[in-house]
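Here's my_file.txt, which has compact mmCIF, C-alpha atoms and all ligand atoms:
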```txt
# COMPACT_ATOMS: atom_id res chain seq x y z
CA MET A 85 141.09 91.27 -78.89
CA VAL A 86 141.07 93.54 -75.84
CA TRP A 87 140.92 91.95 -72.39
CA VAL A 88 139.35 93.48 -69.32
CA LEU A 89 140.91 92.86 -65.93
CA ASP A 90 138.64 93.43 -62.97
CA SER A 91 140.36 94.45 -59.76
CA THR A 92 137.35 95.00 -57.49
CA LEU A 93 138.68 92.40 -55.06
CA ARG A 94 142.21 93.85 -54.98
CA GLU A 95 142.24 97.56 -55.89
CA GLY A 96 138.58 97.84 -54.79
CA GLU A 97 139.51 96.75 -51.29
CA GLN A 98 141.99 99.62 -51.16
CA THR A 99 138.98 101.95 -50.97
CA PRO A 100 139.00 103.38 -47.44
CA GLY A 101 136.70 101.30 -45.24
CA VAL A 102 135.96 98.59 -47.80
CA TYR A 103 136.48 94.93 -47.02
CA PHE A 104 134.60 92.01 -48.52
CA ASP A 105 134.13 88.86 -46.45
CA LYS A 106 135.36 85.70 -48.07
CA HIS A 107 131.86 84.49 -49.05
CA ILE A 108 131.13 87.89 -50.61
CA LYS A 109 134.44 87.80 -52.51
CA LEU A 110 133.35 84.44 -53.93
CA ALA A 111 129.92 85.77 -54.88
CA ILE A 112 131.49 88.81 -56.61
CA ALA A 113 133.97 86.57 -58.45
CA ASN A 114 131.09 84.33 -59.58
CA LEU A 115 129.30 87.29 -61.12
CA LEU A 116 132.50 88.62 -62.72
CA ASN A 117 132.93 85.21 -64.32
CA GLU A 118 129.33 85.30 -65.55
CA VAL A 119 129.91 88.76 -67.03
CA GLY A 120 132.82 87.17 -68.90
CA ILE A 121 135.66 89.21 -67.38
CA ASP A 122 138.95 88.02 -68.85
CA ILE A 123 141.08 88.30 -65.71
CA ILE A 124 139.83 88.52 -62.13
CA GLU A 125 142.50 89.99 -59.86
CA ALA A 126 141.40 88.25 -56.67
CA GLY A 127 143.74 89.83 -54.12
CA HIS A 128 147.21 90.02 -52.64
CA PRO A 129 147.60 86.77 -50.64
CA MET A 130 150.40 88.25 -48.51
CA VAL A 131 148.09 90.84 -46.92
CA THR A 132 146.09 88.49 -44.67
CA GLN A 133 145.44 84.79 -44.19
CA GLU A 134 141.80 85.39 -45.10
CA ILE A 135 142.70 87.01 -48.43
CA HIS A 136 145.07 84.11 -49.11
CA SER A 137 142.26 81.66 -48.48
CA ALA A 138 139.77 83.66 -50.61
CA VAL A 139 142.20 83.88 -53.55
CA LYS A 140 142.75 80.12 -53.29
CA SER A 141 139.01 79.34 -53.24
CA ILE A 142 138.35 81.61 -56.23
CA ALA A 143 141.25 80.07 -58.18
CA GLN A 144 139.86 76.58 -57.46
CA LYS A 145 136.54 77.46 -59.11
CA ASP A 146 136.12 76.22 -62.61
CA PHE A 147 135.94 79.71 -64.07
CA LYS A 148 136.38 80.72 -67.67
CA SER A 149 138.01 83.90 -66.31
CA ILE A 150 141.69 83.69 -65.46
CA VAL A 151 142.13 84.21 -61.72
CA GLY A 152 145.10 86.28 -60.61
CA ALA A 153 146.98 87.41 -57.54
CA HIS A 154 148.98 90.53 -56.75
CA SER A 155 152.52 90.22 -55.48
CA ARG A 156 155.43 92.37 -54.45
CA SER A 157 158.74 91.62 -56.09
CA LEU A 158 159.58 89.07 -53.41
CA LYS A 159 159.85 85.30 -53.61
CA SER A 160 157.86 84.95 -50.39
CA ASP A 161 154.90 86.77 -52.00
CA VAL A 162 155.23 84.68 -55.15
CA ASP A 163 155.23 81.46 -53.11
CA LEU A 164 151.98 82.46 -51.42
CA ALA A 165 150.38 83.24 -54.80
CA LEU A 166 151.60 79.94 -56.25
CA GLU A 167 150.08 78.10 -53.28
CA CYS A 168 146.72 79.52 -54.39
CA SER A 169 147.14 77.97 -57.89
CA VAL A 170 146.42 81.22 -59.70
CA GLY A 171 146.83 81.47 -63.47
CA PHE A 172 148.03 85.08 -63.41
CA LEU A 173 150.53 86.91 -61.25
CA GLY A 174 150.89 90.67 -61.11
CA ILE A 175 154.31 91.76 -59.83
CA PHE A 176 155.06 95.41 -59.14
CA TYR A 177 158.16 97.42 -58.31
CA CYS A 178 158.97 101.07 -58.78
CA VAL A 179 161.68 102.33 -61.14
CA SER A 180 161.66 106.04 -60.46
CA GLU A 181 165.02 107.45 -59.33
CA GLU A 182 163.44 109.44 -56.49
CA ARG A 183 161.63 106.48 -54.99
CA LEU A 184 164.51 104.09 -55.46
CA ASN A 185 166.88 106.52 -53.77
CA THR A 186 164.68 107.68 -50.93
CA VAL A 187 162.36 104.73 -50.17
CA PHE A 188 164.22 101.61 -51.30
CA LYS A 189 167.82 102.92 -51.09
CA LYS A 190 168.65 100.94 -54.18
CA ASP A 191 169.95 101.73 -57.65
CA LEU A 192 168.05 100.82 -60.81
CA ASP A 193 170.25 97.86 -61.71
CA ALA A 194 169.76 96.31 -58.29
CA ALA A 195 166.00 96.85 -58.61
CA ILE A 196 165.97 95.22 -62.05
CA GLN A 197 167.98 92.31 -60.69
CA GLN A 198 165.38 91.77 -57.98
CA ILE A 199 162.48 92.04 -60.46
CA THR A 200 163.94 89.63 -62.99
CA ASP A 201 165.00 87.11 -60.31
CA VAL A 202 161.45 86.97 -59.03
CA ILE A 203 159.94 86.67 -62.52
CA LYS A 204 162.35 83.86 -63.47
CA TYR A 205 161.60 82.11 -60.20
CA ALA A 206 157.80 82.34 -60.70
CA LYS A 207 158.06 81.12 -64.29
CA SER A 208 160.27 78.21 -63.27
CA GLN A 209 157.67 77.12 -60.71
CA ASN A 210 154.82 77.31 -63.23
CA PRO A 211 155.74 77.89 -66.88
CA LYS A 212 152.07 78.43 -67.81
CA LEU A 213 151.64 81.28 -65.32
CA LEU A 214 150.82 84.60 -67.01
CA ILE A 215 153.11 87.18 -65.45
CA ARG A 216 152.50 90.91 -65.50
CA TYR A 217 155.15 93.35 -64.42
CA THR A 218 154.08 96.85 -63.41
CA PRO A 219 156.64 99.63 -62.98
CA GLU A 220 154.69 101.48 -60.28
CA ASP A 221 153.70 105.05 -61.19
CA THR A 222 154.98 104.21 -64.69
CA VAL A 223 153.99 107.44 -66.40
CA ARG A 224 155.80 109.74 -63.92
CA SER A 225 158.96 107.61 -63.81
CA GLN A 226 161.96 108.25 -66.08
CA PHE A 227 161.00 106.74 -69.44
CA GLU A 228 164.42 105.19 -69.95
CA ASN A 229 164.13 103.46 -66.55
CA VAL A 230 160.70 102.10 -67.47
CA VAL A 231 162.03 100.76 -70.78
CA LYS A 232 165.10 99.22 -69.17
CA ALA A 233 163.10 97.47 -66.43
CA ALA A 234 160.24 96.42 -68.72
CA VAL A 235 162.57 94.98 -71.36
CA ALA A 236 164.49 93.06 -68.68
CA ALA A 237 161.20 91.80 -67.23
CA VAL A 238 159.98 90.54 -70.61
CA GLU A 239 163.33 88.89 -71.29
CA ALA A 240 163.05 87.21 -67.89
CA GLY A 241 159.63 85.81 -68.81
CA ALA A 242 156.98 88.49 -68.13
CA ASP A 243 154.06 88.21 -70.59
CA ILE A 244 152.43 91.54 -69.82
CA ILE A 245 153.78 95.01 -69.06
CA SER A 246 151.31 97.27 -67.30
CA VAL A 247 151.47 101.03 -67.67
CA ALA A 248 150.19 102.41 -64.39
CA ASP A 249 148.90 105.94 -64.09
CA THR A 250 149.01 105.47 -60.34
CA THR A 251 148.06 109.07 -59.53
CA GLY A 252 145.60 109.84 -62.35
CA TYR A 253 148.13 112.27 -63.83
CA MET A 254 147.55 111.77 -67.55
CA VAL A 255 145.34 114.17 -69.54
CA THR A 256 144.16 113.38 -73.06
CA GLY A 257 144.97 116.06 -75.60
CA THR A 258 148.04 117.32 -73.70
CA GLN A 259 151.70 116.33 -73.76
CA ARG A 260 151.05 113.74 -71.08
CA ASN A 261 148.62 111.54 -72.94
CA MET A 262 148.27 107.78 -72.93
CA TYR A 263 148.11 107.34 -76.69
CA ASP A 264 151.61 108.76 -77.17
CA TYR A 265 152.98 106.98 -74.11
CA ILE A 266 151.77 103.54 -75.19
CA SER A 267 152.85 104.11 -78.79
CA ARG A 268 156.34 105.09 -77.63
CA LEU A 269 156.65 102.12 -75.31
CA LYS A 270 155.44 99.70 -77.97
CA SER A 271 157.99 101.00 -80.44
CA GLU A 272 160.75 100.35 -77.87
CA PHE A 273 159.61 96.71 -77.68
CA ASP A 274 159.30 96.47 -81.46
CA LYS A 275 162.91 97.66 -81.84
CA ARG A 276 163.97 94.70 -79.70
CA ASN A 277 161.57 92.27 -81.32
CA LEU A 278 159.69 91.73 -78.06
CA LYS A 279 155.91 91.35 -78.05
CA PRO A 280 154.51 91.61 -74.51
CA LYS A 281 150.86 92.48 -74.11
CA ILE A 282 150.49 96.03 -72.82
CA ALA A 283 148.02 96.65 -70.00
CA VAL A 284 146.82 99.97 -68.57
CA HIS A 285 145.86 100.83 -65.03
CA CYS A 286 144.31 104.31 -64.99
CA HIS A 287 143.43 106.12 -61.78
CA ASN A 288 140.61 108.62 -61.76
CA ASP A 289 142.04 111.57 -59.79
CA ARG A 290 141.06 113.98 -62.57
CA GLY A 291 137.94 112.10 -63.63
CA LEU A 292 139.77 110.99 -66.79
CA ALA A 293 140.39 107.30 -66.06
CA LEU A 294 138.04 105.96 -68.75
CA ALA A 295 139.13 108.53 -71.34
CA ASN A 296 142.78 107.70 -70.65
CA ALA A 297 142.15 103.95 -70.82
CA LEU A 298 140.45 104.32 -74.21
CA ASP A 299 143.30 106.55 -75.37
CA ALA A 300 145.72 103.81 -74.32
CA TYR A 301 143.65 101.22 -76.17
CA ARG A 302 143.86 103.35 -79.31
CA GLY A 303 147.63 103.44 -78.80
CA GLY A 304 147.79 99.63 -78.71
CA ALA A 305 147.09 98.58 -75.10
CA GLU A 306 145.34 95.22 -75.01
CA ILE A 307 144.34 94.85 -71.37
CA ILE A 308 142.34 97.46 -69.43
CA ASP A 309 141.95 97.42 -65.63
CA ALA A 310 138.63 98.39 -64.06
CA THR A 311 136.61 97.90 -60.88
CA VAL A 312 132.93 97.82 -60.03
CA LEU A 313 131.86 101.38 -59.16
CA GLY A 314 135.40 102.48 -60.02
CA LEU A 315 136.42 101.54 -56.47
CA GLY A 316 140.06 101.94 -55.49
CA GLU A 317 142.64 104.16 -53.83
CA ARG A 318 141.48 107.81 -53.53
CA ALA A 319 139.15 108.53 -56.48
CA GLY A 320 139.49 104.95 -57.73
CA ILE A 321 140.05 103.66 -61.25
CA VAL A 322 138.03 103.00 -64.43
CA ASP A 323 134.40 102.02 -63.81
CA LEU A 324 133.80 98.49 -65.12
CA ALA A 325 130.24 98.97 -66.40
CA GLU A 326 131.08 102.18 -68.30
CA LEU A 327 134.11 100.51 -69.87
CA LEU A 328 132.22 97.38 -70.94
CA VAL A 329 129.33 99.37 -72.39
CA VAL A 330 131.64 101.59 -74.45
CA LEU A 331 133.72 98.65 -75.68
CA THR A 332 130.55 96.76 -76.62
CA VAL A 333 128.40 99.53 -78.08
CA ASP A 334 131.01 101.86 -79.55
CA TYR A 335 133.94 99.56 -80.33
CA GLY A 336 131.73 96.64 -81.40
CA ILE A 337 133.38 94.04 -79.16
CA GLN A 338 130.70 91.50 -78.31
CA LYS A 339 132.12 89.29 -75.59
CA TRP A 340 130.65 90.36 -72.23
CA ASN A 341 127.28 89.66 -70.68
CA LEU A 342 126.12 93.17 -69.75
CA GLN A 343 122.82 91.88 -68.37
CA LYS A 344 124.62 90.72 -65.22
CA LEU A 345 126.04 94.15 -64.38
CA THR A 346 123.06 95.42 -62.38
CA GLU A 347 123.18 92.42 -60.03
CA LEU A 348 126.96 92.75 -59.70
CA TYR A 349 126.75 96.48 -58.90
CA GLU A 350 124.03 95.97 -56.31
CA LEU A 351 126.04 93.26 -54.60
CA VAL A 352 129.25 95.29 -54.51
CA SER A 353 127.46 98.46 -53.45
CA LYS A 354 125.68 96.68 -50.60
CA HIS A 355 128.80 95.05 -49.21
CA SER A 356 131.18 97.94 -49.77
CA GLY A 357 128.78 100.44 -48.24
CA ILE A 358 129.40 102.70 -51.25
CA PRO A 359 126.07 103.75 -52.79
CA ILE A 360 125.62 103.86 -56.55
CA PRO A 361 125.09 107.60 -57.25
CA ALA A 362 121.63 108.16 -58.78
CA ASN A 363 123.13 110.00 -61.75
CA TYR A 364 125.93 107.46 -62.33
CA PRO A 365 126.28 106.49 -66.02
CA VAL A 366 125.00 103.02 -67.00
CA THR A 367 124.20 101.71 -63.50
CA GLY A 368 122.72 104.76 -61.72
CA LYS A 369 119.02 104.83 -60.85
CA ASN A 370 118.46 107.82 -63.15
CA ALA A 371 120.65 106.66 -66.05
CA PHE A 372 117.61 105.90 -68.23
CA THR A 373 114.96 108.13 -66.65
CA HIS A 374 113.51 111.01 -68.64
CA CYS A 375 112.22 113.93 -66.64
CA ALA A 376 111.81 117.33 -68.35
CA GLY A 377 108.49 117.57 -70.18
CA VAL A 378 110.00 118.23 -73.59
CA HIS A 379 112.38 115.25 -73.19
CA THR A 380 109.66 112.91 -72.00
CA HIS A 381 107.39 113.88 -74.85
CA ALA A 382 110.07 113.33 -77.51
CA ALA A 383 111.39 110.18 -75.85
CA SER A 384 107.90 108.71 -75.62
CA ILE A 385 107.61 109.02 -79.41
CA ASN A 386 111.11 107.69 -80.06
CA PRO A 387 113.51 107.16 -77.12
CA MET A 388 116.55 107.75 -79.31
CA HIS A 389 115.66 111.46 -79.42
CA TYR A 390 117.15 111.72 -75.94
CA GLU A 391 119.09 108.48 -75.52
CA SER A 392 122.28 107.24 -77.10
CA LEU A 393 122.30 103.99 -75.11
CA ASN A 394 119.50 101.48 -75.08
CA PRO A 395 118.70 100.35 -71.50
CA GLU A 396 117.74 96.91 -72.81
CA ILE A 397 121.41 96.02 -73.39
CA LEU A 398 121.71 96.01 -69.59
CA GLY A 399 118.34 94.39 -69.01
CA ARG A 400 117.09 97.72 -67.67
CA GLU A 401 113.98 99.71 -68.52
CA ARG A 402 113.46 103.26 -69.60
CA ASN A 403 111.63 105.35 -67.01
CA PHE A 404 109.66 108.53 -67.07
CA ALA A 405 109.65 110.58 -63.89
CA LEU A 406 107.04 113.26 -63.37
CA ASP A 407 107.83 116.32 -61.31
CA HIS A 408 107.64 120.12 -61.42
CA MET A 409 109.24 120.04 -64.91
CA SER A 410 106.52 117.84 -66.40
CA GLY A 411 104.15 119.12 -69.06
CA ILE A 412 100.78 117.88 -70.25
CA ALA A 413 102.36 115.71 -72.98
CA SER A 414 104.44 113.72 -70.51
CA LEU A 415 101.47 113.41 -68.18
CA ARG A 416 99.33 112.05 -71.01
CA TYR A 417 102.04 109.56 -71.87
CA ALA A 418 102.22 108.40 -68.24
CA LEU A 419 98.42 108.20 -68.05
CA LYS A 420 98.47 105.92 -71.06
CA LEU A 421 100.89 103.64 -69.23
CA ILE A 422 98.43 103.31 -66.31
CA ASN A 423 95.37 102.96 -68.62
CA GLU A 424 93.92 106.35 -67.69
CA GLU A 425 94.23 108.01 -71.08
CA ASP A 426 90.49 108.79 -71.28
CA LEU A 427 90.41 111.28 -68.41
CA ASP A 428 88.60 114.57 -69.01
CA GLU A 429 90.78 117.55 -69.84
CA ASP A 430 90.00 119.37 -66.57
CA ILE A 431 90.92 116.28 -64.51
CA GLN A 432 94.18 116.00 -66.42
CA GLN A 433 94.99 119.63 -65.62
CA ASP A 434 94.23 119.06 -61.91
CA VAL A 435 96.39 115.93 -61.87
CA LEU A 436 99.24 117.88 -63.49
CA LYS A 437 98.90 120.62 -60.86
CA GLU A 438 99.19 118.00 -58.13
CA VAL A 439 102.21 116.37 -59.81
CA LYS A 440 103.97 119.74 -60.05
CA ALA A 441 103.22 120.44 -56.39
CA VAL A 442 104.87 117.13 -55.40
CA GLY A 443 107.82 117.95 -57.68
CA GLN A 444 108.33 121.30 -55.98
CA ARG A 445 108.67 119.46 -52.69
CA GLY A 446 111.73 117.73 -54.21
CA ARG A 447 110.18 114.38 -55.10
CA THR A 448 109.30 112.67 -58.36
CA VAL A 449 106.02 110.89 -59.04
CA ASP A 450 106.27 107.33 -60.28
CA LEU A 451 103.43 105.49 -62.01
CA ALA A 452 102.07 103.92 -58.81
CA GLU A 453 101.82 107.31 -57.10
CA LEU A 454 100.32 108.83 -60.24
CA LYS A 455 97.45 106.35 -59.95
CA HIS A 456 96.79 107.55 -56.39
CA ILE A 457 96.80 111.18 -57.53
CA VAL A 458 94.33 110.37 -60.33
CA ASP A 459 92.04 108.57 -57.88
CA ALA A 460 92.16 111.48 -55.43
CA VAL A 461 91.43 114.08 -58.11
CA LYS A 462 88.53 111.99 -59.49
CA HIS A 463 87.15 111.61 -55.98
CA HIS A 464 87.44 115.33 -55.33
CA GLN A 465 85.68 116.18 -58.59
CA THR A 466 82.80 113.77 -57.87
CA TYR A 467 82.46 115.08 -54.31
CA THR A 468 82.42 118.75 -55.28
CA LYS A 469 80.07 118.42 -58.28
ZN ZN A 501 145.82 101.23 -58.57
```
Would you write the structure of this file as structure tokens?
Amino acid sequence: MVWVLDSTLREGEQTPGVYFDKHIKLAIANLLNEVGIDIIEAGHPMVTQEIHSAVKSIAQKDFKSIVGAHSRSLKSDVDLALECSVGFLGIFYCVSEERLNTVFKKDLDAAIQQITDVIKYAKSQNPKLLIRYTPEDTVRSQFENVVKAAVAAVEAGADIISVADTTGYMVTGTQRNMYDYISRLKSEFDKRNLKPKIAVHCHNDRGLALANALDAYRGGAEIIDATVLGLGERAGIVDLAELLVVLTVDYGIQKWNLQKLTELYELVSKHSGIPIPANYPVTGKNAFTHCAGVHTHAASINPMHYESLNPEILGRERNFALDHMSGIASLRYALKLINEEDLDEDIQQDVLKEVKAVGQRGRTVDLAELKHIVDAVKHHQTYTK
């Protein structure tokens, strides 16, 4: 069954200007555990002493989630991760000719030697440790290099190979699609009788991270990386809430507690300083709010006319906003909700006029404000009679 890896505390902190204090990291990890996230990538202990200490504290919690650390292909990084008693270690190293030649000044065989030495070392220190090897920028690297390094990594003890679309380069429906890539890679492992789990790490530079991740899943990937609010380098990665909702509702995988997502998103948004856009799918303020008169009318009879997701799965409620687009049917529906359905026709028309006037000023009228408008119109009518 598919696993979800949340990287809000690692990739998410690579969002410009985002840093979570240790106590906030713990609170986020607590909620991720309550959501039922399979792997929590808690950080890269080498980066700072505080991250090291946060990773250690999270790993010490009695979580059902596996807690993991990020690590370069260096024994010193691995030692720091092992000190934190994590159950998962993500090791990365590039395999592209250009990068090896220009950045690392190393040939592929030397790189593979370094990768496999580190994996063997980590496994010897803790045989139960789940090890993931990521060839950085996998999809733009020479395929034969990826296969050579990944096969060597698995033979050295890696349990998971992650396909990273580090720059959000893949596009479904074109030559560079995740389904074909994962299928090809899996067949290379099959040929050698190796069975690592395949993970995918999809960046969102073209807004296709979720589509690519699902394409990879269809191709046989079993672990999908995501972050709260899709936080991460540049345009970030797959949004956690969108991924979990699709996997639950559309793929029928019932293993996550979606009711905790709102609290998690509010916490992360507050402490990252990144607002949740009002029109954001699943967690945005407007995600379940009907506005246009014709929509409100139909949705008030049966919400499924204009919804394909039920807000109750997230513990949220359907809303009806009144503004300049509202018609008499939506007003009547809203009046029913505030027990004012018996208003005279002319009062209803005056209330609607007022609502539309507010809407034209760029605001929506919620039920509390609607009550004030009704009171004012009633008062006006009594006074002018
Ligand atoms: Zn990334």
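Nearest-residue note for Phe104 of chain A: choosing from A:Ser353, A:Ser208, A:Asn117, A:Thr256, the minimum distance belongs to A:Ser353, counting only C-alpha atoms.
Taking only C-alpha atoms, the non-local environment of Glu182 of chain A within 12 Å (same-chain residues fewer than 6 positions away omitted) comprises Phe188, Lys189, Lys190, Asp191, Leu192, Asp221, Arg224, Ser225, Gln226 and Asn229 of chain A.
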Prev. selection, C-alpha atoms, output as a PDB file, in the frame of the given file:
```pdb
ATOM      1  CA  PHE A 188     164.220 101.610 -51.300  1.00  0.00           C
ATOM      2  CA  LYS A 189     167.820 102.920 -51.090  1.00  0.00           C
ATOM      3  CA  LYS A 190     168.650 100.940 -54.180  1.00  0.00           C
ATOM      4  CA  ASP A 191     169.950 101.730 -57.650  1.00  0.00           C
ATOM      5  CA  LEU A 192     168.050 100.820 -60.810  1.00  0.00           C
ATOM      6  CA  ASP A 221     153.700 105.050 -61.190  1.00  0.00           C
ATOM      7  CA  ARG A 224     155.800 109.740 -63.920  1.00  0.00           C
ATOM      8  CA  SER A 225     158.960 107.610 -63.810  1.00  0.00           C
ATOM      9  CA  GLN A 226     161.960 108.250 -66.080  1.00  0.00           C
ATOM     10  CA  ASN A 229     164.130 103.460 -66.550  1.00  0.00           C
TER      11      ASN A 229
END
```
- Residues within 7 Å of ligand ZN 501 (chain A), counting all atoms listed in the file, as number ranges by chain: A: 95, 250, 285, 287, 316-317, 321
Taking C-alpha atoms for each residue, export the selection above as a PDB file, keeping the file's coordinate frame.
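And here is the file that came out, result_19.pdb:
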```
ATOM      1  CA  GLU A  95     142.240  97.560 -55.890  1.00  0.00           C
ATOM      2  CA  THR A 250     149.010 105.470 -60.340  1.00  0.00           C
ATOM      3  CA  HIS A 285     145.860 100.830 -65.030  1.00  0.00           C
ATOM      4  CA  HIS A 287     143.430 106.120 -61.780  1.00  0.00           C
ATOM      5  CA  GLY A 316     140.060 101.940 -55.490  1.00  0.00           C
ATOM      6  CA  GLU A 317     142.640 104.160 -53.830  1.00  0.00           C
ATOM      7  CA  ILE A 321     140.050 103.660 -61.250  1.00  0.00           C
TER       8      ILE A 321
END
```
- Query: So which one's closest to Ala113 of chain A, A:Thr311, A:Ser271, A:Gln432, A:Gln465? Using only C-alpha atoms, please.
  - Reply: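 Closest to Ala113 of chain A, using only C-alpha atoms: A:Thr311.
Between atom CA of Leu427 of chain A and atom CA of Ser414 of chain A the interatomic distance comes to 14.4 Å.
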- Long-range neighbours of Val449 of chain A as number ranges by chain, 7 Å cut-off, all atoms listed in the file, 5 positions minimum in chain: A: 405-407, 439, 454
- Task: Return the single residue from A:Leu313, A:Met85, A:Ala138, A:Ala376 that is closest to His107 of chain A, with distances computed using only C-alpha atoms.
- Result: A:Ala138
- Task: For atom CA of Asp264 of chain A and atom CA of Gly303 of chain A, determine how far apart the two atoms are, in Å to one decimal place.
- Result: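 Atom CA of Gly303 of chain A lies at a distance of 6.8 Å from atom CA of Asp264 of chain A.
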- Message: I'd like to know which of A:Val86, A:Ala240, A:Val131, A:Val435 is closest to Ala165 of chain A, using all atoms listed in the file.
- Response: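 Going through A:Val86, A:Ala240, A:Val131, A:Val435 one by one, the smallest distance to Ala165 of chain A is for A:Val131.
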- Query: Could you name the residues that touch segment 334-336 of chain A at 12 Å or less, counting all atoms listed in the file, but leaving out those on the same chain fewer than 6 positions away, as a PyMOL selection string?
  - Reply: chain A and resi 85-86+298+301-302+326-328+392-393
- Task: Determine the nearest neighbour of Leu345 of chain A from the options A:Lys462, A:His389, A:Arg400, A:Arg416, counting all atoms listed in the file.
- Result: A:Arg400
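Residues with any atom within 6 Å of Gly127 of chain A, counting all atoms listed in the file and excluding same-chain neighbours fewer than 2 positions away, are Leu93, Arg94, Glu125, Ala153 and His154 of chain A.
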- Query: Could you tell me, as a ChimeraX atom specification, which residues have any atom at most 12 Å from (140.0, 97.6, -61.6), counting only C-alpha atoms?
  - Reply: /A:88-99,116,121,123-127,248,283-288,293-294,297,307-317,320-325,327
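The closest residue to Ser410 of chain A, picked from A:Thr186, A:Gln259, A:Gln444, A:Asn363 and counting only C-alpha atoms, is A:Gln444.
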- Message: With all atoms listed in the file as the counted atoms, please give the residues lying no more than 12 Å from Leu415 of chain A, apart from itself and same-chain residues fewer than 5 positions off, as a ChimeraX atom specification.
- Response: /A:375-378,380-381,384,404-410,420-422,424-425,427,429,431-440,449-451,454-455,457-458
Writer output for current selection, C-alpha atoms, as a tab-separated table (two decimals), in the frame of the given file:
```tsv
chain	number	residue	atom	x	y	z
A	375	CYS	CA	112.22	113.93	-66.64
A	376	ALA	CA	111.81	117.33	-68.35
A	377	GLY	CA	108.49	117.57	-70.18
A	378	VAL	CA	110.00	118.23	-73.59
A	380	THR	CA	109.66	112.91	-72.00
A	381	HIS	CA	107.39	113.88	-74.85
A	384	SER	CA	107.90	108.71	-75.62
A	404	PHE	CA	109.66	108.53	-67.07
A	405	ALA	CA	109.65	110.58	-63.89
A	406	LEU	CA	107.04	113.26	-63.37
A	407	ASP	CA	107.83	116.32	-61.31
A	408	HIS	CA	107.64	120.12	-61.42
A	409	MET	CA	109.24	120.04	-64.91
A	410	SER	CA	106.52	117.84	-66.40
A	420	LYS	CA	98.47	105.92	-71.06
A	421	LEU	CA	100.89	103.64	-69.23
A	422	ILE	CA	98.43	103.31	-66.31
A	424	GLU	CA	93.92	106.35	-67.69
A	425	GLU	CA	94.23	108.01	-71.08
A	427	LEU	CA	90.41	111.28	-68.41
A	429	GLU	CA	90.78	117.55	-69.84
A	431	ILE	CA	90.92	116.28	-64.51
A	432	GLN	CA	94.18	116.00	-66.42
A	433	GLN	CA	94.99	119.63	-65.62
A	434	ASP	CA	94.23	119.06	-61.91
A	435	VAL	CA	96.39	115.93	-61.87
A	436	LEU	CA	99.24	117.88	-63.49
A	437	LYS	CA	98.90	120.62	-60.86
A	438	GLU	CA	99.19	118.00	-58.13
A	439	VAL	CA	102.21	116.37	-59.81
A	440	LYS	CA	103.97	119.74	-60.05
A	449	VAL	CA	106.02	110.89	-59.04
A	450	ASP	CA	106.27	107.33	-60.28
A	451	LEU	CA	103.43	105.49	-62.01
A	454	LEU	CA	100.32	108.83	-60.24
A	455	LYS	CA	97.45	106.35	-59.95
A	457	ILE	CA	96.80	111.18	-57.53
A	458	VAL	CA	94.33	110.37	-60.33
```
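When atom CA of Asn210 of chain A is paired with atom CA of Val170 of chain A, their separation reads 9.9 Å.
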Find the axis-aligned box for segment 149-159 of chain A, covering all its listed atoms and adding 5 Å on each side, and write its centre and edge lengths in Å to one decimal as AutoDock Vina command-line options.
```
--center_x 148.9 --center_y 88.0 --center_z -59.9 --size_x 31.8 --size_y 18.7 --size_z 22.9
```
Segment 132-141 of chain A from the block above: N, CA and C atoms written as a PDB file, in the first residue's frame:
```pdb
ATOM      1  N   THR A 132      22.155  22.418  11.562  1.00  0.00           N
ATOM      2  CA  THR A 132      22.429  23.180  12.794  1.00  0.00           C
ATOM      3  C   THR A 132      22.255  22.260  14.002  1.00  0.00           C
ATOM      4  N   GLN A 133      22.814  22.705  15.117  1.00  0.00           N
ATOM      5  CA  GLN A 133      22.671  21.974  16.372  1.00  0.00           C
ATOM      6  C   GLN A 133      21.186  21.890  16.773  1.00  0.00           C
ATOM      7  N   GLU A 134      20.463  22.976  16.496  1.00  0.00           N
ATOM      8  CA  GLU A 134      19.046  23.001  16.888  1.00  0.00           C
ATOM      9  C   GLU A 134      18.232  21.990  16.078  1.00  0.00           C
ATOM     10  N   ILE A 135      18.547  21.859  14.783  1.00  0.00           N
ATOM     11  CA  ILE A 135      17.836  20.865  13.964  1.00  0.00           C
ATOM     12  C   ILE A 135      18.177  19.466  14.469  1.00  0.00           C
ATOM     13  N   HIS A 136      19.455  19.254  14.780  1.00  0.00           N
ATOM     14  CA  HIS A 136      19.895  17.972  15.329  1.00  0.00           C
ATOM     15  C   HIS A 136      19.068  17.623  16.565  1.00  0.00           C
ATOM     16  N   SER A 137      18.939  18.590  17.462  1.00  0.00           N
ATOM     17  CA  SER A 137      18.214  18.356  18.703  1.00  0.00           C
ATOM     18  C   SER A 137      16.708  18.148  18.448  1.00  0.00           C
ATOM     19  N   ALA A 138      16.156  18.863  17.469  1.00  0.00           N
ATOM     20  CA  ALA A 138      14.726  18.677  17.141  1.00  0.00           C
ATOM     21  C   ALA A 138      14.481  17.286  16.542  1.00  0.00           C
ATOM     22  N   VAL A 139      15.367  16.871  15.629  1.00  0.00           N
ATOM     23  CA  VAL A 139      15.206  15.546  15.003  1.00  0.00           C
ATOM     24  C   VAL A 139      15.249  14.467  16.094  1.00  0.00           C
ATOM     25  N   LYS A 140      16.193  14.642  17.030  1.00  0.00           N
ATOM     26  CA  LYS A 140      16.351  13.675  18.110  1.00  0.00           C
ATOM     27  C   LYS A 140      15.084  13.616  18.970  1.00  0.00           C
ATOM     28  N   SER A 141      14.563  14.771  19.353  1.00  0.00           N
ATOM     29  CA  SER A 141      13.346  14.803  20.184  1.00  0.00           C
ATOM     30  C   SER A 141      12.161  14.164  19.462  1.00  0.00           C
TER      31      SER A 141
END
```
